>>> print(open('my_file_26.pdb').read())   # PDB, C-alpha atoms
ATOM      1  CA  MET A   5      35.759  56.746  18.769  1.00  0.00           C
ATOM      2  CA  ALA A   6      36.287  59.178  15.934  1.00  0.00           C
ATOM      3  CA  ASP A   7      39.179  61.512  15.260  1.00  0.00           C
ATOM      4  CA  SER A   8      37.882  65.042  15.153  1.00  0.00           C
ATOM      5  CA  GLY A   9      39.280  67.967  13.249  1.00  0.00           C
ATOM      6  CA  ARG A  10      37.378  70.389  15.450  1.00  0.00           C
ATOM      7  CA  VAL A  11      39.371  73.105  17.116  1.00  0.00           C
ATOM      8  CA  GLY A  12      38.640  74.252  20.632  1.00  0.00           C
ATOM      9  CA  GLY A  13      35.274  74.307  22.279  1.00  0.00           C
ATOM     10  CA  GLN A  14      33.397  77.055  20.515  1.00  0.00           C
ATOM     11  CA  VAL A  15      29.777  76.430  19.768  1.00  0.00           C
ATOM     12  CA  THR A  16      29.730  74.751  16.391  1.00  0.00           C
ATOM     13  CA  GLY A  17      26.974  73.687  14.068  1.00  0.00           C
ATOM     14  CA  ASP A  18      25.864  70.127  13.538  1.00  0.00           C
ATOM     15  CA  GLY A  19      26.007  67.904  16.573  1.00  0.00           C
ATOM     16  CA  GLY A  20      25.515  64.878  14.379  1.00  0.00           C
ATOM     17  CA  GLY A  21      21.802  64.881  15.088  1.00  0.00           C
ATOM     18  CA  GLY A  22      20.273  67.298  12.635  1.00  0.00           C
ATOM     19  CA  GLY A  23      22.115  70.578  13.027  1.00  0.00           C
ATOM     20  CA  ASP A  24      21.889  71.151  16.771  1.00  0.00           C
ATOM     21  CA  PRO A  25      24.757  73.340  18.065  1.00  0.00           C
ATOM     22  CA  THR A  26      27.530  71.558  19.954  1.00  0.00           C
ATOM     23  CA  VAL A  27      30.485  72.450  22.153  1.00  0.00           C
ATOM     24  CA  ALA A  28      33.775  70.527  22.223  1.00  0.00           C
ATOM     25  CA  LEU A  29      35.192  70.070  25.711  1.00  0.00           C
ATOM     26  CA  ARG A  30      38.922  69.299  25.386  1.00  0.00           C
ATOM     27  CA  ILE A  31      40.404  66.928  27.974  1.00  0.00           C
ATOM     28  CA  THR A  32      44.192  66.760  28.196  1.00  0.00           C
ATOM     29  CA  VAL A  33      46.340  64.321  30.160  1.00  0.00           C
ATOM     30  CA  SER A  34      49.874  65.225  31.245  1.00  0.00           C
ATOM     31  CA  GLY A  35      52.489  64.463  33.878  1.00  0.00           C
ATOM     32  CA  THR A  36      52.848  60.742  33.162  1.00  0.00           C
ATOM     33  CA  HIS A  37      55.387  58.561  31.368  1.00  0.00           C
ATOM     34  CA  ARG A  38      52.605  56.776  29.466  1.00  0.00           C
ATOM     35  CA  ARG A  39      50.487  59.624  28.135  1.00  0.00           C
ATOM     36  CA  LYS A  40      49.258  57.703  25.101  1.00  0.00           C
ATOM     37  CA  GLU A  41      48.129  54.725  27.204  1.00  0.00           C
ATOM     38  CA  ASP A  42      46.665  56.987  29.882  1.00  0.00           C
ATOM     39  CA  LEU A  43      44.691  58.923  27.285  1.00  0.00           C
ATOM     40  CA  ALA A  44      43.323  55.678  25.822  1.00  0.00           C
ATOM     41  CA  ALA A  45      42.387  54.468  29.321  1.00  0.00           C
ATOM     42  CA  LEU A  46      40.627  57.731  30.216  1.00  0.00           C
ATOM     43  CA  CYS A  47      38.840  57.743  26.865  1.00  0.00           C
ATOM     44  CA  ALA A  48      37.579  54.189  27.467  1.00  0.00           C
ATOM     45  CA  TRP A  49      36.574  55.198  31.015  1.00  0.00           C
ATOM     46  CA  LEU A  50      34.477  58.101  29.687  1.00  0.00           C
ATOM     47  CA  GLU A  51      32.962  56.012  26.888  1.00  0.00           C
ATOM     48  CA  SER A  52      31.704  53.495  29.435  1.00  0.00           C
ATOM     49  CA  ALA A  53      30.849  55.870  32.306  1.00  0.00           C
ATOM     50  CA  PRO A  54      27.327  54.985  33.504  1.00  0.00           C
ATOM     51  CA  ALA A  55      26.732  58.608  34.549  1.00  0.00           C
ATOM     52  CA  LEU A  56      27.081  59.655  30.878  1.00  0.00           C
ATOM     53  CA  ASN A  57      24.905  56.869  29.376  1.00  0.00           C
ATOM     54  CA  GLU A  58      21.702  58.897  29.386  1.00  0.00           C
ATOM     55  CA  ALA A  59      23.323  61.784  27.482  1.00  0.00           C
ATOM     56  CA  ARG A  60      24.814  59.358  24.937  1.00  0.00           C
ATOM     57  CA  GLY A  61      21.385  57.760  24.497  1.00  0.00           C
ATOM     58  CA  ARG A  62      19.861  61.165  23.713  1.00  0.00           C
ATOM     59  CA  ALA A  63      22.730  61.949  21.289  1.00  0.00           C
ATOM     60  CA  GLU A  64      23.818  64.867  23.511  1.00  0.00           C
ATOM     61  CA  LEU A  65      27.359  63.507  23.913  1.00  0.00           C
ATOM     62  CA  ARG A  66      30.042  61.914  21.744  1.00  0.00           C
ATOM     63  CA  VAL A  67      33.573  60.990  22.791  1.00  0.00           C
ATOM     64  CA  GLU A  68      36.205  61.657  20.118  1.00  0.00           C
ATOM     65  CA  ARG A  69      39.959  62.112  19.841  1.00  0.00           C
ATOM     66  CA  GLY A  70      41.617  65.163  18.312  1.00  0.00           C
ATOM     67  CA  VAL A  71      45.157  66.393  17.788  1.00  0.00           C
ATOM     68  CA  SER A  72      46.480  67.975  20.972  1.00  0.00           C
ATOM     69  CA  ARG A  73      47.563  71.589  21.062  1.00  0.00           C
ATOM     70  CA  THR A  74      50.537  70.435  23.154  1.00  0.00           C
ATOM     71  CA  GLN A  75      53.178  68.815  20.954  1.00  0.00           C
ATOM     72  CA  SER A  76      56.906  68.536  21.571  1.00  0.00           C
ATOM     73  CA  GLU A  77      59.854  67.004  19.760  1.00  0.00           C
ATOM     74  CA  SER A  78      60.409  64.588  22.635  1.00  0.00           C
ATOM     75  CA  MET A  79      57.172  62.830  21.700  1.00  0.00           C
ATOM     76  CA  GLY A  80      58.887  60.671  19.080  1.00  0.00           C
ATOM     77  CA  GLY A  81      57.221  62.180  16.032  1.00  0.00           C
ATOM     78  CA  ASP A  82      53.777  60.803  16.920  1.00  0.00           C
ATOM     79  CA  LEU A  83      51.024  63.374  17.101  1.00  0.00           C
ATOM     80  CA  VAL A  84      49.698  63.527  20.638  1.00  0.00           C
ATOM     81  CA  GLN A  85      45.947  63.498  20.968  1.00  0.00           C
ATOM     82  CA  ASP A  86      43.417  64.850  23.437  1.00  0.00           C
ATOM     83  CA  ILE A  87      39.921  63.647  24.209  1.00  0.00           C
ATOM     84  CA  LEU A  88      37.088  65.766  22.866  1.00  0.00           C
ATOM     85  CA  LEU A  89      33.657  65.487  24.427  1.00  0.00           C
ATOM     86  CA  ILE A  90      31.262  66.809  21.824  1.00  0.00           C
ATOM     87  CA  VAL A  91      28.187  67.877  23.769  1.00  0.00           C
ATOM     88  CA  ALA A  92      24.897  69.540  22.921  1.00  0.00           C
ATOM     89  CA  ALA A  93      25.288  73.263  23.595  1.00  0.00           C
ATOM     90  CA  GLU A  94      22.152  73.456  25.746  1.00  0.00           C
ATOM     91  CA  ALA A  95      23.491  70.700  28.023  1.00  0.00           C
ATOM     92  CA  VAL A  96      27.151  71.748  28.183  1.00  0.00           C
ATOM     93  CA  ARG A  97      27.322  72.812  31.844  1.00  0.00           C
ATOM     94  CA  PRO A  98      25.528  69.824  33.405  1.00  0.00           C
ATOM     95  CA  LEU A  99      27.399  67.391  31.137  1.00  0.00           C
ATOM     96  CA  ALA A 100      30.715  69.082  31.945  1.00  0.00           C
ATOM     97  CA  ASP A 101      29.940  68.550  35.662  1.00  0.00           C
ATOM     98  CA  ILE A 102      29.113  64.877  35.181  1.00  0.00           C
ATOM     99  CA  ALA A 103      32.101  64.276  32.895  1.00  0.00           C
ATOM    100  CA  TRP A 104      34.449  66.070  35.311  1.00  0.00           C
ATOM    101  CA  ASN A 105      33.272  63.867  38.159  1.00  0.00           C
ATOM    102  CA  SER A 106      34.161  60.804  36.034  1.00  0.00           C
ATOM    103  CA  VAL A 107      37.531  62.351  35.128  1.00  0.00           C
ATOM    104  CA  ARG A 108      38.329  62.999  38.803  1.00  0.00           C
ATOM    105  CA  THR A 109      37.538  59.374  39.679  1.00  0.00           C
ATOM    106  CA  TRP A 110      39.843  58.134  36.907  1.00  0.00           C
ATOM    107  CA  HIS A 111      42.540  60.612  38.036  1.00  0.00           C
ATOM    108  CA  ARG A 112      42.398  59.394  41.656  1.00  0.00           C
ATOM    109  CA  ASN A 113      42.809  55.803  40.454  1.00  0.00           C
ATOM    110  CA  ARG A 114      45.693  56.754  38.141  1.00  0.00           C
ATOM    111  CA  ARG A 115      47.512  58.642  40.915  1.00  0.00           C
ATOM    112  CA  ARG A 116      47.484  55.488  43.037  1.00  0.00           C
ATOM    113  CA  LEU A 117      49.332  53.675  40.235  1.00  0.00           C
ATOM    114  CA  ALA A 118      51.762  56.512  39.426  1.00  0.00           C
ATOM    115  CA  ASN A 119      55.523  56.123  39.687  1.00  0.00           C
ATOM    116  CA  PRO A 120      57.139  58.427  42.270  1.00  0.00           C
ATOM    117  CA  GLU A 121      58.390  60.764  39.523  1.00  0.00           C
ATOM    118  CA  GLU A 122      54.958  61.012  37.836  1.00  0.00           C
ATOM    119  CA  GLU A 123      52.360  63.637  38.706  1.00  0.00           C
ATOM    120  CA  PRO A 124      49.264  62.810  36.636  1.00  0.00           C
ATOM    121  CA  ARG A 125      47.223  65.862  35.696  1.00  0.00           C
ATOM    122  CA  VAL A 126      44.012  66.226  33.708  1.00  0.00           C
ATOM    123  CA  ARG A 127      42.455  69.428  32.371  1.00  0.00           C
ATOM    124  CA  LEU A 128      39.061  70.155  30.838  1.00  0.00           C
ATOM    125  CA  ASP A 129      38.729  73.297  28.714  1.00  0.00           C
ATOM    126  CA  ALA A 130      36.068  74.804  26.499  1.00  0.00           C
ATOM    127  CA  GLU A 131      37.573  77.516  24.334  1.00  0.00           C
ATOM    128  CA  GLY A 132      35.306  80.495  23.977  1.00  0.00           C
ATOM    129  CA  PHE A 133      33.913  80.130  27.507  1.00  0.00           C
ATOM    130  CA  GLU A 134      36.816  81.682  29.436  1.00  0.00           C
ATOM    131  CA  SER A 135      34.539  83.445  31.931  1.00  0.00           C
ATOM    132  CA  ASP A 136      32.793  80.195  32.921  1.00  0.00           C
ATOM    133  CA  PRO A 137      34.862  78.284  35.527  1.00  0.00           C
ATOM    134  CA  ALA A 138      32.572  75.245  35.153  1.00  0.00           C
ATOM    135  CA  LEU A 139      34.053  74.796  31.675  1.00  0.00           C
ATOM    136  CA  HIS A 140      37.717  75.179  32.730  1.00  0.00           C
ATOM    137  CA  ARG A 141      38.874  72.628  35.278  1.00  0.00           C
ATOM    138  CA  ASP A 142      42.184  71.190  36.352  1.00  0.00           C
ATOM    139  CA  THR A 143      42.974  68.343  38.743  1.00  0.00           C
ATOM    140  CA  ASP A 144      45.778  70.538  40.146  1.00  0.00           C
ATOM    141  CA  THR A 145      43.223  73.182  41.178  1.00  0.00           C
ATOM    142  CA  PRO A 146      40.946  72.495  44.147  1.00  0.00           C
ATOM    143  CA  PRO A 147      37.213  72.924  43.476  1.00  0.00           C
ATOM    144  CA  ALA A 148      35.675  76.279  44.276  1.00  0.00           C
ATOM    145  CA  SER A 149      33.942  76.456  47.643  1.00  0.00           C
ATOM    146  CA  GLY A 150      30.529  74.907  47.471  1.00  0.00           C
ATOM    147  CA  GLY A 151      31.394  72.977  44.294  1.00  0.00           C
ATOM    148  CA  GLY A 152      32.699  69.799  45.885  1.00  0.00           C
ATOM    149  CA  PRO A 153      30.910  66.869  47.412  1.00  0.00           C
ATOM    150  CA  ALA A 154      28.941  67.353  50.573  1.00  0.00           C
ATOM    151  CA  PRO A 155      30.468  66.187  53.843  1.00  0.00           C
ATOM    152  CA  GLY A 156      30.599  62.417  53.755  1.00  0.00           C
ATOM    153  CA  GLY A 157      31.567  62.449  50.080  1.00  0.00           C
ATOM    154  CA  ARG A 158      28.039  62.239  48.684  1.00  0.00           C
ATOM    155  CA  GLN A 159      27.345  64.275  45.567  1.00  0.00           C
ATOM    156  CA  PRO A 160      23.728  63.917  44.401  1.00  0.00           C
ATOM    157  CA  GLY A 161      23.250  63.986  40.654  1.00  0.00           C
ATOM    158  CA  HIS A 162      26.798  62.802  39.972  1.00  0.00           C
ATOM    159  CA  GLY A 163      26.638  59.039  39.968  1.00  0.00           C
ATOM    160  CA  ASP A 164      25.757  58.818  43.667  1.00  0.00           C
ATOM    161  CA  ASP A 165      21.989  59.037  43.575  1.00  0.00           C
ATOM    162  CA  ARG A 166      21.335  56.738  46.500  1.00  0.00           C
ATOM    163  CA  PRO A 167      18.259  57.534  48.568  1.00  0.00           C
ATOM    164  CA  GLU A 168      18.981  59.511  51.734  1.00  0.00           C
ATOM    165  CA  GLY A 169      20.088  57.324  54.622  1.00  0.00           C
ATOM    166  CA  VAL A 170      21.359  54.459  52.456  1.00  0.00           C
TER     167      VAL A 170
END
>>> encode(input="my_file_26.pdb", output="structure tokens")
Amino acid sequence: MADSGRVGGQVTGDGGGGGDPTVALRITVSGTHRRKEDLAALCAWLESAPALNEARGRAELRVERGVSRTQSESMGGDLVQDILLIVAAEAVRPLADIAWNSVRTWHRNRRRLANPEEEPRVRLDAEGFESDPALHRDTDTPPASGGGPAPGGRQPGHGDDRPEGV
């Protein structure tokens, strides 16, 4: 996992694979007493997410860490980091969907372990794409109608590609 100096999610140049344009999707974690540990856990979760393996194999996705835009003096002088998913620009929307599904799974698990005074929250943002709701998501905001799993919880194409009836 590299530390990136990239800012925001604007389309940038080199994606590490010969100059293809990339987009940085910033993932922030808040609302917990262990933000640093939670960020490391979510980062490891995304780095090992089977649903993202194919994109990593095609060099369309890298998981990095970058300095967070949210810093406060109560953070003990350590710079807080965010997760940056560096994705190929042509695959940004489908990869954002797959990554968000993995983030939501991690978030549900983390909420089960939360102290009563914690309210874990995760956001995904791509700066420069403000008009595209697929690139701005928040676990505190319910999905838009039609964007969630089908009744029964099945969501084809998002890590649940079982044949019908199984």
>>> closest_residue(input="my_file_26.pdb", among="A:Cys47, A:Ala100, A:Ala93, A:Ala118", to="A:His140", atoms="only C-alpha atoms")
A:Ala100
>>> closest_residue(input="my_file_26.pdb", among="A:Ala48, A:Leu43, A:Ile87, A:Leu139", to="A:Trp104", atoms="only C-alpha atoms")
A:Leu139
>>> atom_distance(input="my_file_26.pdb", atom1="atom CA of A:Arg62", atom2="atom CA of A:Ala95")
11.1 Å
>>> atom_distance(input="my_file_26.pdb", atom1="atom CA of A:Lys40", atom2="atom CA of A:Asp86")
9.4 Å
>>> resolve_selection(input="my_file_26.pdb", expression="the PyMOL selection byres ((chain A and resi 37) around 10)", output="PyMOL selection string")
chain A and resi 34-36+38-42+118-119+121-124
>>> residues_around(input="my_file_26.pdb", residues="A:Leu50", least_positions_apart="3", cutoff="10 Å", atoms="all atoms listed in the file", output="NGL selection string")
:A and (44-47 or 53-57 or 66-67 or 87 or 89 or 103-104 or 106-107 or 110)
>>> atom_distance(input="my_file_26.pdb", atom1="atom CA of A:Asp24", atom2="atom CA of A:Ser52")
23.8 Å
>>> residues_around(input="my_file_26.pdb", residues="A:Phe133", least_positions_apart="2", cutoff="12 Å", atoms="only C-alpha atoms", output="JSON, numbers by chain")
{"A": [12, 13, 14, 15, 27, 28, 29, 93, 96, 97, 128, 129, 130, 131, 135, 136, 137, 138, 139, 140, 141]}
>>> resolve_selection(input="my_file_26.pdb", expression="the PyMOL selection byres ((chain A and resi 142) around 6)", output="list in words")
Val126, Arg127, Arg141, Thr143, Asp144 and Thr145 of chain A
>>> closest_residue(input="my_file_26.pdb", among="A:Leu117, A:Val84, A:Ile102, A:Ala92", to="A:Arg69", atoms="all atoms listed in the file")
A:Val84
>>> closest_residue(input="my_file_26.pdb", among="A:Thr74, A:Pro146, A:His111, A:Gly132", to="A:Trp49", atoms="only C-alpha atoms")
A:His111
>>> residues_around(input="my_file_26.pdb", residues="A:Leu65", least_positions_apart="3", cutoff="6 Å", atoms="all atoms listed in the file", output="PDB file with C-alpha atoms, keeping the file's coordinate frame")
ATOM      1  CA  ALA A  59      23.323  61.784  27.482  1.00  0.00           C
ATOM      2  CA  ARG A  60      24.814  59.358  24.937  1.00  0.00           C
ATOM      3  CA  ILE A  90      31.262  66.809  21.824  1.00  0.00           C
ATOM      4  CA  VAL A  91      28.187  67.877  23.769  1.00  0.00           C
TER       5      VAL A  91
END
>>> closest_residue(input="my_file_26.pdb", among="A:Arg125, A:Arg115, A:Arg108, A:Leu88", to="A:Val71", atoms="all atoms listed in the file")
A:Leu88
>>> axis_aligned_box(input="my_file_26.pdb", around="stretch 97-111 of chain A", padding_each_side="6 Å", output="JSON")
{"center_x": 34.0, "center_y": 65.5, "center_z": 35.4, "size_x": 29.0, "size_y": 26.7, "size_z": 20.5}
